[in-house]
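Shown below: structure14.cif, with mmCIF, C-alpha atoms.
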data_data
#
loop_
_atom_site.label_atom_id
_atom_site.label_comp_id
_atom_site.auth_asym_id
_atom_site.auth_seq_id
_atom_site.Cartn_x
_atom_site.Cartn_y
_atom_site.Cartn_z
CA MET Y 1 0.00 0.00 0.00
CA GLU Y 2 2.73 2.44 0.95
CA HIS Y 3 4.74 1.48 -2.13
CA THR Y 4 1.75 2.32 -4.32
CA ASN Y 5 1.00 5.64 -2.62
CA ARG Y 6 4.61 6.62 -2.74
CA ALA Y 7 4.82 5.72 -6.43
CA TYR Y 8 1.75 7.84 -7.22
CA ALA Y 9 3.17 10.79 -5.26
CA SER Y 10 6.46 10.60 -7.19
CA LEU Y 11 4.94 9.96 -10.61
CA PHE Y 12 2.37 12.75 -10.41
CA THR Y 13 4.61 15.02 -8.31
CA ASN Y 14 1.67 15.46 -5.99
CA PHE Y 15 0.85 15.06 -2.32
CA VAL Y 16 -0.90 11.76 -1.64
CA ALA Y 17 -2.85 11.33 1.59
CA HIS Y 18 -4.12 7.88 2.50
CA ALA Y 19 -6.43 7.38 5.49
CA ASN Y 20 -6.83 3.77 6.59
CA ARG Y 21 -9.23 2.53 9.21
CA VAL Y 22 -8.45 0.49 12.31
CA GLY Y 23 -10.43 -2.46 13.59
CA TYR Y 24 -12.38 -5.47 12.33
CA GLU Y 25 -15.09 -5.45 9.70
CA ASP Y 26 -16.87 -8.73 9.03
CA GLY Y 27 -13.91 -10.38 10.74
CA LEU Y 28 -11.44 -8.63 8.43
CA ASN Y 29 -8.65 -6.72 10.09
CA PHE Y 30 -7.64 -3.15 9.10
CA TRP Y 31 -4.21 -1.98 10.14
CA GLY Y 32 -4.33 1.82 10.31
CA GLY Y 33 -0.94 3.31 9.45
CA SER Y 34 -2.33 6.27 7.47
CA THR Y 35 0.29 8.21 5.51
CA ILE Y 36 1.00 11.37 3.57
CA PHE Y 37 3.71 11.41 0.90
CA ASP Y 38 5.07 14.62 -0.62
CA PRO Y 39 5.67 15.32 -4.34
CA ASN Y 40 9.17 13.87 -4.07
CA GLY Y 41 7.75 10.61 -2.74
CA ASP Y 42 9.12 11.28 0.71
CA PRO Y 43 6.99 10.51 3.77
CA VAL Y 44 5.48 13.54 5.55
CA VAL Y 45 3.69 11.72 8.33
CA ARG Y 46 2.72 8.21 9.35
CA ALA Y 47 0.02 7.23 11.84
CA PRO Y 48 0.62 4.26 14.16
CA ASP Y 49 -0.31 0.74 13.07
CA PHE Y 50 -3.38 -0.94 14.59
CA GLU Y 51 -4.22 2.01 16.86
CA GLU Y 52 -6.71 4.83 16.54
CA ALA Y 53 -4.93 8.15 16.18
CA MET Y 54 -5.53 11.80 15.34
CA THR Y 55 -2.56 12.53 13.11
CA PHE Y 56 -1.71 16.04 11.92
CA ALA Y 57 0.77 17.23 9.33
CA GLU Y 58 1.40 20.52 7.61
CA ILE Y 59 1.64 20.48 3.84
CA ASP Y 60 3.82 23.09 2.12
CA LEU Y 61 2.09 23.69 -1.20
CA ASN Y 62 5.17 25.54 -2.47
CA GLN Y 63 6.83 22.20 -2.62
CA LEU Y 64 4.67 21.36 -5.63
CA HIS Y 65 6.42 23.85 -7.93
CA ARG Y 66 9.82 23.00 -6.51
CA SER Y 67 9.38 19.28 -7.19
CA ARG Y 68 7.80 19.90 -10.57
CA SER Y 69 10.69 22.15 -11.67
CA ARG Y 70 13.11 19.43 -10.73
CA LEU Y 71 11.05 16.67 -12.33
CA PRO Y 72 8.73 18.21 -14.97
CA LEU Y 73 6.72 15.05 -15.65
CA LEU Y 74 3.40 16.87 -15.71
CA ARG Y 75 4.67 19.73 -17.87
CA ASP Y 76 6.14 17.34 -20.41
CA GLU Y 77 3.21 14.98 -20.58
CA ARG Y 78 1.63 14.93 -24.04
CA THR Y 79 -1.97 14.59 -22.94
CA ASN Y 80 -3.30 14.30 -26.48
CA LEU Y 81 -1.02 11.37 -27.16
CA VAL Y 82 -2.04 9.70 -23.88
CA LEU Y 83 -5.71 10.22 -24.70
CA HIS Y 84 -5.27 8.95 -28.22
CA GLU Y 85 -3.43 5.84 -27.03
CA LEU Y 86 -6.02 5.11 -24.35
CA GLU Y 87 -8.80 5.33 -26.92
CA ARG Y 88 -6.87 3.04 -29.25
CA ILE Y 89 -6.31 0.45 -26.50
CA LEU Y 90 -9.94 0.56 -25.41
CA GLY Y 91 -11.08 0.30 -29.04
CA GLU Y 92 -9.03 -2.86 -29.52
CA LYS Y 93 -11.10 -4.83 -27.01
CA MET P 1 13.03 -22.83 -0.29
CA ILE P 2 9.65 -21.33 0.52
CA ASP P 3 9.75 -19.38 3.75
CA LEU P 4 6.60 -19.62 5.88
CA THR P 5 8.02 -17.65 8.79
CA ILE P 6 5.49 -15.30 10.37
CA ASN P 7 5.81 -12.22 12.55
CA THR P 8 4.49 -13.85 15.71
CA LYS P 9 4.08 -10.58 17.66
CA LEU P 10 1.89 -9.14 14.92
CA ALA P 11 -0.09 -12.36 14.47
CA GLU P 12 -0.76 -12.45 18.22
CA LYS P 13 -1.98 -8.85 18.20
CA ILE P 14 -4.30 -9.35 15.22
CA LEU P 15 -5.70 -12.67 16.45
CA THR P 16 -6.35 -11.60 20.06
CA GLY P 17 -7.99 -8.44 18.71
CA PHE P 18 -10.07 -10.58 16.36
CA ILE P 19 -11.25 -12.88 19.16
CA HIS P 20 -12.10 -9.98 21.45
CA THR P 21 -13.96 -8.00 18.80
CA GLU P 22 -15.89 -10.88 17.28
CA VAL P 23 -16.98 -12.32 20.64
CA THR P 24 -17.99 -9.04 22.27
CA ARG P 25 -19.76 -7.56 19.25
CA THR P 26 -22.39 -10.29 19.49
CA GLY P 27 -23.00 -9.40 23.13
CA PHE P 28 -20.98 -12.24 24.61
CA LYS P 29 -17.89 -11.98 26.77
CA LYS P 30 -17.01 -15.63 27.18
CA ALA P 31 -15.82 -18.43 24.94
CA LEU P 32 -15.33 -22.18 25.25
CA LEU P 33 -13.37 -24.74 23.30
CA GLY P 34 -12.42 -28.37 23.25
CA VAL P 35 -8.85 -28.87 24.43
CA SER P 36 -7.35 -32.16 23.34
CA GLY P 37 -3.75 -31.73 24.38
CA GLY P 38 -2.72 -31.15 20.76
CA ILE P 39 -1.10 -28.01 19.41
CA ASP P 40 -4.06 -26.48 17.51
CA SER P 41 -6.43 -26.40 20.46
CA ALA P 42 -3.51 -25.37 22.69
CA LEU P 43 -2.76 -22.31 20.57
CA SER P 44 -6.47 -21.44 20.34
CA LEU P 45 -6.69 -21.73 24.13
CA TYR P 46 -3.69 -19.47 24.79
CA LEU P 47 -4.93 -16.85 22.31
CA SER P 48 -8.48 -16.93 23.74
CA ALA P 49 -7.24 -16.60 27.31
CA LYS P 50 -5.14 -13.57 26.30
CA ALA P 51 -8.00 -11.99 24.38
CA LEU P 52 -10.83 -12.45 26.87
CA GLY P 53 -9.09 -13.17 30.18
CA PRO P 54 -8.67 -16.71 31.57
CA GLU P 55 -11.73 -16.35 33.80
CA ASN P 56 -13.89 -16.02 30.67
CA ILE P 57 -12.64 -19.20 29.04
CA LEU P 58 -13.95 -22.72 29.52
CA ALA P 59 -11.64 -25.50 28.36
CA LEU P 60 -13.47 -28.78 27.80
CA ARG P 61 -11.66 -32.07 27.88
CA MET P 62 -13.77 -34.70 26.10
CA PRO P 63 -11.94 -38.03 26.15
CA TYR P 64 -13.12 -41.30 24.63
CA LYS P 65 -12.01 -44.57 26.21
CA THR P 66 -9.19 -44.96 23.66
CA SER P 67 -7.93 -41.37 24.04
CA SER P 68 -4.34 -41.16 25.12
CA PRO P 69 -4.18 -40.41 28.88
CA ASP P 70 -0.89 -38.65 28.29
CA THR P 71 -2.58 -36.14 26.02
CA LEU P 72 -5.36 -35.60 28.54
CA GLU P 73 -2.71 -34.77 31.10
CA ASP P 74 -1.07 -32.25 28.76
CA ALA P 75 -4.42 -30.51 28.41
CA GLN P 76 -4.65 -30.29 32.20
CA THR P 77 -1.15 -28.83 32.45
CA MET P 78 -2.13 -26.00 30.10
CA ILE P 79 -5.43 -25.42 31.88
CA ASP P 80 -3.53 -25.05 35.18
CA ASP P 81 -0.86 -22.91 33.56
CA LEU P 82 -3.39 -20.39 32.23
CA GLY P 83 -5.91 -20.55 35.08
CA VAL P 84 -8.88 -20.99 32.74
CA GLN P 85 -12.08 -22.74 33.80
CA SER P 86 -12.34 -26.38 32.80
CA ARG P 87 -14.58 -29.42 32.70
CA THR P 88 -14.02 -33.01 31.68
CA ILE P 89 -16.90 -34.80 29.98
CA ASP P 90 -16.27 -38.38 28.91
CA ILE P 91 -17.95 -39.14 25.58
CA THR P 92 -17.48 -42.92 25.73
CA ALA P 93 -21.03 -43.77 26.80
CA MET P 94 -22.71 -41.59 24.19
CA VAL P 95 -20.39 -42.68 21.39
CA ASP P 96 -20.64 -46.39 22.23
CA ALA P 97 -24.43 -46.24 22.54
CA PHE P 98 -24.46 -45.16 18.90
CA ILE P 99 -21.59 -47.23 17.55
CA ASN P 100 -22.80 -50.48 19.09
CA GLN P 101 -26.01 -50.31 17.10
CA HIS P 102 -24.07 -50.85 13.88
CA GLU P 103 -22.23 -54.09 13.25
CA ASP P 104 -20.59 -52.76 10.11
CA MET P 105 -19.07 -49.73 11.88
CA ASP P 106 -15.61 -48.82 10.59
CA LYS P 107 -12.98 -46.62 12.23
CA LYS P 108 -13.51 -43.68 9.90
CA ARG P 109 -17.22 -43.52 10.69
CA ALA P 110 -16.47 -43.99 14.37
CA GLY P 111 -13.96 -41.13 14.22
CA ASN P 112 -16.55 -38.85 12.65
CA ILE P 113 -19.08 -39.84 15.29
CA MET P 114 -16.62 -38.92 18.06
CA ALA P 115 -15.94 -35.55 16.46
CA ARG P 116 -19.68 -34.87 16.22
CA MET P 117 -20.37 -36.01 19.78
CA ARG P 118 -17.76 -33.51 20.93
CA MET P 119 -19.60 -30.86 18.92
CA ILE P 120 -22.86 -31.75 20.72
CA VAL P 121 -21.14 -31.45 24.10
CA LEU P 122 -19.52 -28.11 23.17
CA PHE P 123 -22.72 -26.50 21.93
CA ASP P 124 -24.67 -27.85 24.90
CA GLN P 125 -22.08 -26.44 27.30
CA SER P 126 -22.10 -23.14 25.41
CA ALA P 127 -25.70 -22.65 26.52
CA VAL P 128 -24.74 -23.37 30.14
CA PHE P 129 -21.60 -21.23 30.08
CA ASN P 130 -23.17 -18.47 27.96
CA GLY P 131 -20.17 -18.30 25.65
CA LEU P 132 -19.30 -18.77 22.00
CA VAL P 133 -17.71 -21.95 20.69
CA MET P 134 -14.19 -21.28 19.47
CA GLY P 135 -12.96 -23.34 16.52
CA THR P 136 -9.43 -24.75 16.45
CA SER P 137 -8.94 -25.58 12.76
CA ASN P 138 -5.76 -24.51 10.99
CA LYS P 139 -5.37 -23.50 7.34
CA THR P 140 -3.76 -26.77 6.27
CA GLU P 141 -6.63 -28.94 7.45
CA LEU P 142 -9.28 -26.49 6.27
CA LEU P 143 -7.78 -26.47 2.76
CA LEU P 144 -7.27 -30.23 2.62
CA GLY P 145 -10.70 -30.85 4.12
CA TYR P 146 -9.06 -32.98 6.80
CA SER P 147 -11.89 -32.48 9.26
CA THR P 148 -15.35 -33.72 10.14
CA ILE P 149 -18.10 -31.48 8.84
CA TYR P 150 -20.39 -30.42 11.70
CA GLY P 151 -17.85 -32.03 14.01
CA ASP P 152 -14.55 -30.30 14.70
CA SER P 153 -15.36 -27.80 11.95
CA ALA P 154 -18.45 -26.51 13.80
CA ALA P 155 -17.67 -23.23 15.59
CA ALA P 156 -18.59 -19.57 15.87
CA LEU P 157 -15.07 -18.34 15.09
CA GLN P 158 -11.92 -19.85 13.59
CA PRO P 159 -9.08 -17.73 15.00
CA ILE P 160 -6.19 -19.85 13.68
CA GLY P 161 -7.81 -20.74 10.34
CA ASN P 162 -5.34 -18.60 8.38
CA LEU P 163 -2.24 -20.23 9.86
CA TYR P 164 -0.62 -23.25 8.23
CA LYS P 165 0.31 -26.05 10.62
CA THR P 166 4.00 -25.06 10.46
CA GLN P 167 2.99 -21.49 11.37
CA VAL P 168 0.80 -22.74 14.22
CA ARG P 169 4.01 -24.21 15.66
CA GLN P 170 5.79 -20.85 15.44
CA LEU P 171 3.01 -18.92 17.14
CA ALA P 172 2.54 -21.63 19.79
CA GLN P 173 6.23 -21.35 20.62
CA ALA P 174 6.01 -17.57 20.92
CA LEU P 175 2.97 -17.77 23.23
CA GLY P 176 4.58 -20.23 25.61
CA VAL P 177 2.67 -23.40 24.79
CA PRO P 178 4.57 -26.26 26.49
CA GLU P 179 7.40 -27.67 24.37
CA LYS P 180 6.01 -31.20 24.78
CA VAL P 181 2.72 -30.18 23.12
CA ILE P 182 4.53 -28.43 20.25
CA LYS P 183 6.82 -31.39 19.59
CA LYS P 184 4.07 -34.03 19.80
CA THR P 185 3.31 -36.03 16.62
CA PRO P 186 0.08 -34.53 15.24
CA SER P 187 -2.91 -36.85 15.66
CA ALA P 188 -6.69 -36.56 15.68
CA ASP P 189 -6.48 -39.32 18.34
CA LEU P 190 -9.66 -40.90 16.98
CA TRP P 191 -8.15 -44.38 17.14
CA GLN P 192 -5.00 -45.78 18.67
CA GLY P 193 -1.85 -45.24 16.66
CA GLN P 194 -3.49 -42.71 14.33
CA THR P 195 -1.23 -39.91 13.13
CA ASP P 196 -2.19 -37.13 10.71
CA GLU P 197 0.90 -37.51 8.59
CA GLY P 198 0.57 -41.31 8.48
CA GLU P 199 -3.03 -41.03 7.34
CA LEU P 200 -2.40 -38.22 4.85
CA GLY P 201 0.74 -39.79 3.42
CA PHE P 202 2.82 -36.61 3.51
CA THR P 203 4.26 -34.28 6.12
CA TYR P 204 2.87 -30.89 7.11
CA GLU P 205 6.19 -29.30 6.17
CA GLU P 206 5.81 -30.58 2.61
CA VAL P 207 2.14 -29.85 2.10
CA ASP P 208 2.28 -26.37 3.67
CA GLN P 209 4.88 -25.33 1.11
CA LEU P 210 2.78 -26.66 -1.74
CA LEU P 211 -0.44 -25.10 -0.44
CA TYR P 212 1.35 -21.77 -0.07
CA LEU P 213 2.20 -21.81 -3.78
CA LEU P 214 -1.19 -23.11 -4.92
CA VAL P 215 -3.39 -20.98 -2.72
CA ASP P 216 -1.52 -17.91 -1.51
CA GLN P 217 0.64 -17.39 -4.58
CA ARG P 218 -1.98 -18.71 -7.06
CA TYR P 219 0.49 -20.98 -8.87
CA LYS P 220 -1.05 -23.35 -11.40
CA PRO P 221 -0.56 -27.05 -10.49
CA GLU P 222 1.83 -27.45 -13.47
CA ALA P 223 3.93 -24.54 -12.20
CA CYS P 224 4.25 -26.29 -8.81
CA VAL P 225 5.60 -29.37 -10.59
CA ASP P 226 8.11 -27.07 -12.34
CA GLU P 227 9.10 -25.82 -8.89
CA GLY P 228 10.06 -29.38 -7.97
CA PHE P 229 6.95 -30.85 -6.34
CA ASP P 230 6.05 -34.42 -7.31
CA LYS P 231 3.25 -34.50 -9.91
CA GLY P 232 1.25 -37.17 -8.09
CA PHE P 233 1.50 -35.24 -4.84
CA VAL P 234 0.30 -32.00 -6.47
CA GLU P 235 -2.62 -33.78 -8.14
CA ARG P 236 -3.62 -35.48 -4.92
CA VAL P 237 -3.59 -32.22 -2.95
CA MET P 238 -5.62 -30.45 -5.67
CA ARG P 239 -8.15 -33.29 -5.60
CA MET P 240 -8.46 -33.14 -1.82
CA MET P 241 -9.00 -29.39 -1.90
CA ARG P 242 -11.69 -29.60 -4.59
CA GLN P 243 -13.45 -32.67 -3.21
CA ASN P 244 -13.77 -31.14 0.22
CA HIS P 245 -14.69 -27.63 -0.80
CA PHE P 246 -18.28 -28.28 0.29
CA LYS P 247 -17.03 -28.36 3.87
CA ARG P 248 -15.88 -24.74 3.61
CA VAL P 249 -19.03 -23.12 2.24
CA MET P 250 -22.63 -22.76 3.33
CA PRO P 251 -24.98 -25.24 1.61
CA PRO P 252 -26.41 -23.74 -1.59
CA ILE P 253 -30.04 -22.69 -1.48
CA ALA P 254 -32.19 -23.37 -4.55
CA LYS P 255 -33.26 -20.02 -5.93
CA LEU P 256 -36.98 -19.48 -6.43
CA SER P 257 -37.69 -15.84 -5.63
CA GLN P 258 -36.17 -12.39 -6.12
CA ARG P 259 -34.05 -12.54 -3.00
CA THR P 260 -32.33 -15.69 -1.88
CA ILE P 261 -30.02 -16.13 1.06
CA GLY P 262 -26.50 -16.70 -0.23
CA TYR P 263 -27.06 -15.06 -3.66
CA ASP P 264 -28.67 -11.65 -3.32
CA PHE P 265 -29.22 -11.48 0.44
CA LEU P 266 -25.58 -10.99 1.35
CA TYR P 267 -25.07 -9.01 4.51
CA PRO P 268 -21.77 -9.39 6.34
CA ARG P 269 -21.71 -11.51 9.46
CA ASP P 270 -21.41 -8.44 11.68
CA TRP P 271 -24.51 -6.84 10.13
CA GLY P 272 -26.09 -4.46 12.62
CA THR P 273 -23.51 -4.95 15.37
#
Let me see whether you can do it: turn the structure in this file into structure tokens.
Amino acid sequence: MEHTNRAYASLFTNFVAHANRVGYEDGLNFWGGSTIFDPNGDPVVRAPDFEEAMTFAEIDLNQLHRSRSRLPLLRDERTNLVLHELERILGEK
Amino acid sequence: MIDLTINTKLAEKILTGFIHTEVTRTGFKKALLGVSGGIDSALSLYLSAKALGPENILALRMPYKTSSPDTLEDAQTMIDDLGVQSRTIDITAMVDAFINQHEDMDKKRAGNIMARMRMIVLFDQSAVFNGLVMGTSNKTELLLGYSTIYGDSAAALQPIGNLYKTQVRQLAQALGVPEKVIKKTPSADLWQGQTDEGELGFTYEEVDQLLYLLVDQRYKPEACVDEGFDKGFVERVMRMMRQNHFKRVMPPIAKLSQRTIGYDFLYPRDWGT
């Protein structure tokens, strides 16, 4: 889960906040451990595992432009090409 | 080599939390279980005592005349060690009353009858004790179907049902189950000289590794053979899993109306709690 959230944060150079519940639902166990990752993919905060917690963190929105200058994935994305390719792939089904 | 090592601290935390939550959400605070002296019921007993407090646990010893006295003694050692409540109810008279009516009785049928008599005693005592019946089945036997339906498989909860036998040993060790119980040759003790591995024809070490690939890692049977498992062994385990699947699911209900239990009436077990 953390790998995925961290990957999304890095790839989209965005903050990713993930809130996970704690406790048992229909016998199934949820582990807590909520996280925020910053646009570099670095952890900002992590809630404890298996325990209820009120977890605060401050997000510096200026970090968005700093990360995106360093790694201009969003700027360089050719959205028309992506859209075109997605339509082609879906059309192939 | 497939590594089935578990984080025993984490498993203990999740399983004691599971027992506590699932027992108390239905309005109960107590639980009872059959304690044979074997490792599965021992681990279930230690986890239950931790989760609910020893005073809220009733350990039932239910020997048959051929049950090993040694094993019965091991059960008592653990009962004393934990300080849980206990009762001993001999099932010989009730089992023999039934068995003796059938001249063609074989040991497999007799074994099933013993398992089901123990179920009757457990559910009867649950009404007296006002607690839920705790199951003691592990993942290996649930997957192989190595159990008696409505016998040892009958329970309100199955706390160790996601642990392979080799993992049961790890957690039992971590929780302080006596070494003698952990090291004992696994047996359903339904007839003298019976051992699980003798009856199954393979060891738990071997089959746990195979089941891990087949079930947890979703390997195809052919891929398990490529990994070095004997073809006949893989086929036999697949057959056992399929043949006994009916033991793991609720009986199907024939659909006649718009809403049928099991198909489109599908609330979770903790519905409304």
Exercise for review: Could you tell me which residues the PyMOL selection byres ((chain P and resi 200-213) around 10) grabs in this file, written as a ChimeraX atom specification?
Suggested key: /P:1-4,139-141,143-144,146,163-167,186,195-199,214-221,223-225,227-229,233-234,237-238,241
Check your understanding: What is the distance between atom CA of P:Leu142 and atom CA of P:Leu43, in Å to one decimal?
Key ->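 Taking atom CA of P:Leu142 as the start and atom CA of P:Leu43 as the end point, the length is 16.3 Å.
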Review point. Expanded to explicit residues, what is the PyMOL selection byres ((chain Y and resi 46) around 9) for this file, as number ranges by chain?
Key: Y: 33-36, 43-45, 47-49, 55
Exercise for review: Tell me which protein, DNA and RNA residues are within 12 Å of Y:Arg66, counting all atoms listed in the file, leaving out same-chain ones fewer than 2 positions away, and put them as a list in words.
Suggested key: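 Listing them by chain and then by number gives Thr13, Asn14, Asp38, Pro39, Asn40, Asp60, Leu61, Asn62, Gln63, Leu64, Arg68, Ser69, Arg70, Leu71 and Pro72 of chain Y.
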Check your understanding: Could you list, as a list in words, every residue of chain Y that has an atom within 10 Å of an atom of chain P, counting only C-alpha atoms?
Key -> Gly23, Tyr24, Glu25, Asp26, Gly27, Leu28, Asn29, Phe30, Trp31 and Phe50 of chain Y
Go ahead and save the picked residues with C-alpha atoms, as a PDB file, in the frame of the given file.
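Below you can see selection-v5.pdb, which holds the result:
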ATOM      1  CA  GLY Y  23     -10.430  -2.460  13.590  1.00  0.00           C
ATOM      2  CA  TYR Y  24     -12.380  -5.470  12.330  1.00  0.00           C
ATOM      3  CA  GLU Y  25     -15.090  -5.450   9.700  1.00  0.00           C
ATOM      4  CA  ASP Y  26     -16.870  -8.730   9.030  1.00  0.00           C
ATOM      5  CA  GLY Y  27     -13.910 -10.380  10.740  1.00  0.00           C
ATOM      6  CA  LEU Y  28     -11.440  -8.630   8.430  1.00  0.00           C
ATOM      7  CA  ASN Y  29      -8.650  -6.720  10.090  1.00  0.00           C
ATOM      8  CA  PHE Y  30      -7.640  -3.150   9.100  1.00  0.00           C
ATOM      9  CA  TRP Y  31      -4.210  -1.980  10.140  1.00  0.00           C
ATOM     10  CA  PHE Y  50      -3.380  -0.940  14.590  1.00  0.00           C
TER      11      PHE Y  50
END
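With all atoms listed in the file as the basis for measurement, P:Asn112 is the residue among P:Gln76, P:Asn112, P:Gln173, P:Thr92 that approaches P:Gly151 most closely.
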Practice item. For the structure provided, state which residues fall under the PyMOL selection byres ((chain P and resi 54) around 12), and present them as a ChimeraX atom specification. Key: /P:29-32,45-53,55-59,78-86
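Coordinates place atom CA of P:Leu33 at a distance of 13.0 Å from atom CA of P:Ala115.
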Check your understanding: Between atom CA of P:Asp90 and atom CA of P:Asn138, what is the spacing in Å?
Key ->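 About the pair atom CA of P:Asn138 and atom CA of P:Asp90: they are 25.0 Å apart.
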Fix up stretch 28-51 of chain Y with N, CA and C atoms, then write it as a PDB file, keeping the file's coordinate frame.
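Result file selection-v5.pdb:
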ATOM      1  N   LEU Y  28     -12.647  -9.043   9.151  1.00  0.00           N
ATOM      2  CA  LEU Y  28     -11.440  -8.630   8.430  1.00  0.00           C
ATOM      3  C   LEU Y  28     -10.731  -7.507   9.170  1.00  0.00           C
ATOM      4  N   ASN Y  29      -9.409  -7.648   9.271  1.00  0.00           N
ATOM      5  CA  ASN Y  29      -8.650  -6.720  10.090  1.00  0.00           C
ATOM      6  C   ASN Y  29      -8.065  -5.568   9.268  1.00  0.00           C
ATOM      7  N   PHE Y  30      -8.241  -4.326   9.747  1.00  0.00           N
ATOM      8  CA  PHE Y  30      -7.640  -3.150   9.100  1.00  0.00           C
ATOM      9  C   PHE Y  30      -6.525  -2.611   9.994  1.00  0.00           C
ATOM     10  N   TRP Y  31      -5.444  -2.176   9.379  1.00  0.00           N
ATOM     11  CA  TRP Y  31      -4.210  -1.980  10.140  1.00  0.00           C
ATOM     12  C   TRP Y  31      -3.841  -0.535  10.440  1.00  0.00           C
ATOM     13  N   GLY Y  32      -4.677   0.426  10.038  1.00  0.00           N
ATOM     14  CA  GLY Y  32      -4.330   1.820  10.310  1.00  0.00           C
ATOM     15  C   GLY Y  32      -3.115   2.238   9.506  1.00  0.00           C
ATOM     16  N   GLY Y  33      -2.180   2.937  10.142  1.00  0.00           N
ATOM     17  CA  GLY Y  33      -0.940   3.310   9.450  1.00  0.00           C
ATOM     18  C   GLY Y  33      -1.178   4.286   8.303  1.00  0.00           C
ATOM     19  N   SER Y  34      -2.063   5.273   8.518  1.00  0.00           N
ATOM     20  CA  SER Y  34      -2.330   6.270   7.470  1.00  0.00           C
ATOM     21  C   SER Y  34      -1.051   7.053   7.158  1.00  0.00           C
ATOM     22  N   THR Y  35      -0.945   7.520   5.914  1.00  0.00           N
ATOM     23  CA  THR Y  35       0.290   8.210   5.510  1.00  0.00           C
ATOM     24  C   THR Y  35      -0.001   9.425   4.632  1.00  0.00           C
ATOM     25  N   ILE Y  36       0.958  10.336   4.607  1.00  0.00           N
ATOM     26  CA  ILE Y  36       1.000  11.370   3.570  1.00  0.00           C
ATOM     27  C   ILE Y  36       2.392  11.310   2.948  1.00  0.00           C
ATOM     28  N   PHE Y  37       2.434  11.319   1.609  1.00  0.00           N
ATOM     29  CA  PHE Y  37       3.710  11.410   0.900  1.00  0.00           C
ATOM     30  C   PHE Y  37       3.762  12.732   0.153  1.00  0.00           C
ATOM     31  N   ASP Y  38       4.932  13.327   0.069  1.00  0.00           N
ATOM     32  CA  ASP Y  38       5.070  14.620  -0.620  1.00  0.00           C
ATOM     33  C   ASP Y  38       5.415  14.409  -2.096  1.00  0.00           C
ATOM     34  N   PRO Y  39       5.472  15.481  -2.882  1.00  0.00           N
ATOM     35  CA  PRO Y  39       5.670  15.320  -4.340  1.00  0.00           C
ATOM     36  C   PRO Y  39       7.008  14.701  -4.721  1.00  0.00           C
ATOM     37  N   ASN Y  40       7.927  14.593  -3.786  1.00  0.00           N
ATOM     38  CA  ASN Y  40       9.170  13.870  -4.070  1.00  0.00           C
ATOM     39  C   ASN Y  40       9.063  12.385  -3.743  1.00  0.00           C
ATOM     40  N   GLY Y  41       7.923  12.006  -3.167  1.00  0.00           N
ATOM     41  CA  GLY Y  41       7.750  10.610  -2.740  1.00  0.00           C
ATOM     42  C   GLY Y  41       8.276  10.361  -1.347  1.00  0.00           C
ATOM     43  N   ASP Y  42       8.616  11.458  -0.652  1.00  0.00           N
ATOM     44  CA  ASP Y  42       9.120  11.280   0.710  1.00  0.00           C
ATOM     45  C   ASP Y  42       7.963  11.305   1.717  1.00  0.00           C
ATOM     46  N   PRO Y  43       8.071  10.523   2.783  1.00  0.00           N
ATOM     47  CA  PRO Y  43       6.990  10.510   3.770  1.00  0.00           C
ATOM     48  C   PRO Y  43       6.907  11.824   4.556  1.00  0.00           C
ATOM     49  N   VAL Y  44       5.697  12.337   4.741  1.00  0.00           N
ATOM     50  CA  VAL Y  44       5.480  13.540   5.550  1.00  0.00           C
ATOM     51  C   VAL Y  44       5.079  13.135   6.959  1.00  0.00           C
ATOM     52  N   VAL Y  45       4.159  12.164   7.027  1.00  0.00           N
ATOM     53  CA  VAL Y  45       3.690  11.720   8.330  1.00  0.00           C
ATOM     54  C   VAL Y  45       3.177  10.284   8.206  1.00  0.00           C
ATOM     55  N   ARG Y  46       3.222   9.589   9.341  1.00  0.00           N
ATOM     56  CA  ARG Y  46       2.720   8.210   9.350  1.00  0.00           C
ATOM     57  C   ARG Y  46       2.033   7.944  10.678  1.00  0.00           C
ATOM     58  N   ALA Y  47       0.765   7.534  10.620  1.00  0.00           N
ATOM     59  CA  ALA Y  47       0.020   7.230  11.840  1.00  0.00           C
ATOM     60  C   ALA Y  47       0.437   5.845  12.346  1.00  0.00           C
ATOM     61  N   PRO Y  48       0.216   5.571  13.642  1.00  0.00           N
ATOM     62  CA  PRO Y  48       0.620   4.260  14.160  1.00  0.00           C
ATOM     63  C   PRO Y  48      -0.203   3.117  13.555  1.00  0.00           C
ATOM     64  N   ASP Y  49       0.399   1.928  13.547  1.00  0.00           N
ATOM     65  CA  ASP Y  49      -0.310   0.740  13.070  1.00  0.00           C
ATOM     66  C   ASP Y  49      -1.271   0.240  14.144  1.00  0.00           C
ATOM     67  N   PHE Y  50      -2.425  -0.233  13.735  1.00  0.00           N
ATOM     68  CA  PHE Y  50      -3.380  -0.940  14.590  1.00  0.00           C
ATOM     69  C   PHE Y  50      -3.933  -0.114  15.750  1.00  0.00           C
ATOM     70  N   GLU Y  51      -3.691   1.198  15.748  1.00  0.00           N
ATOM     71  CA  GLU Y  51      -4.220   2.010  16.860  1.00  0.00           C
ATOM     72  C   GLU Y  51      -4.910   3.248  16.300  1.00  0.00           C
TER      73      GLU Y  51
END
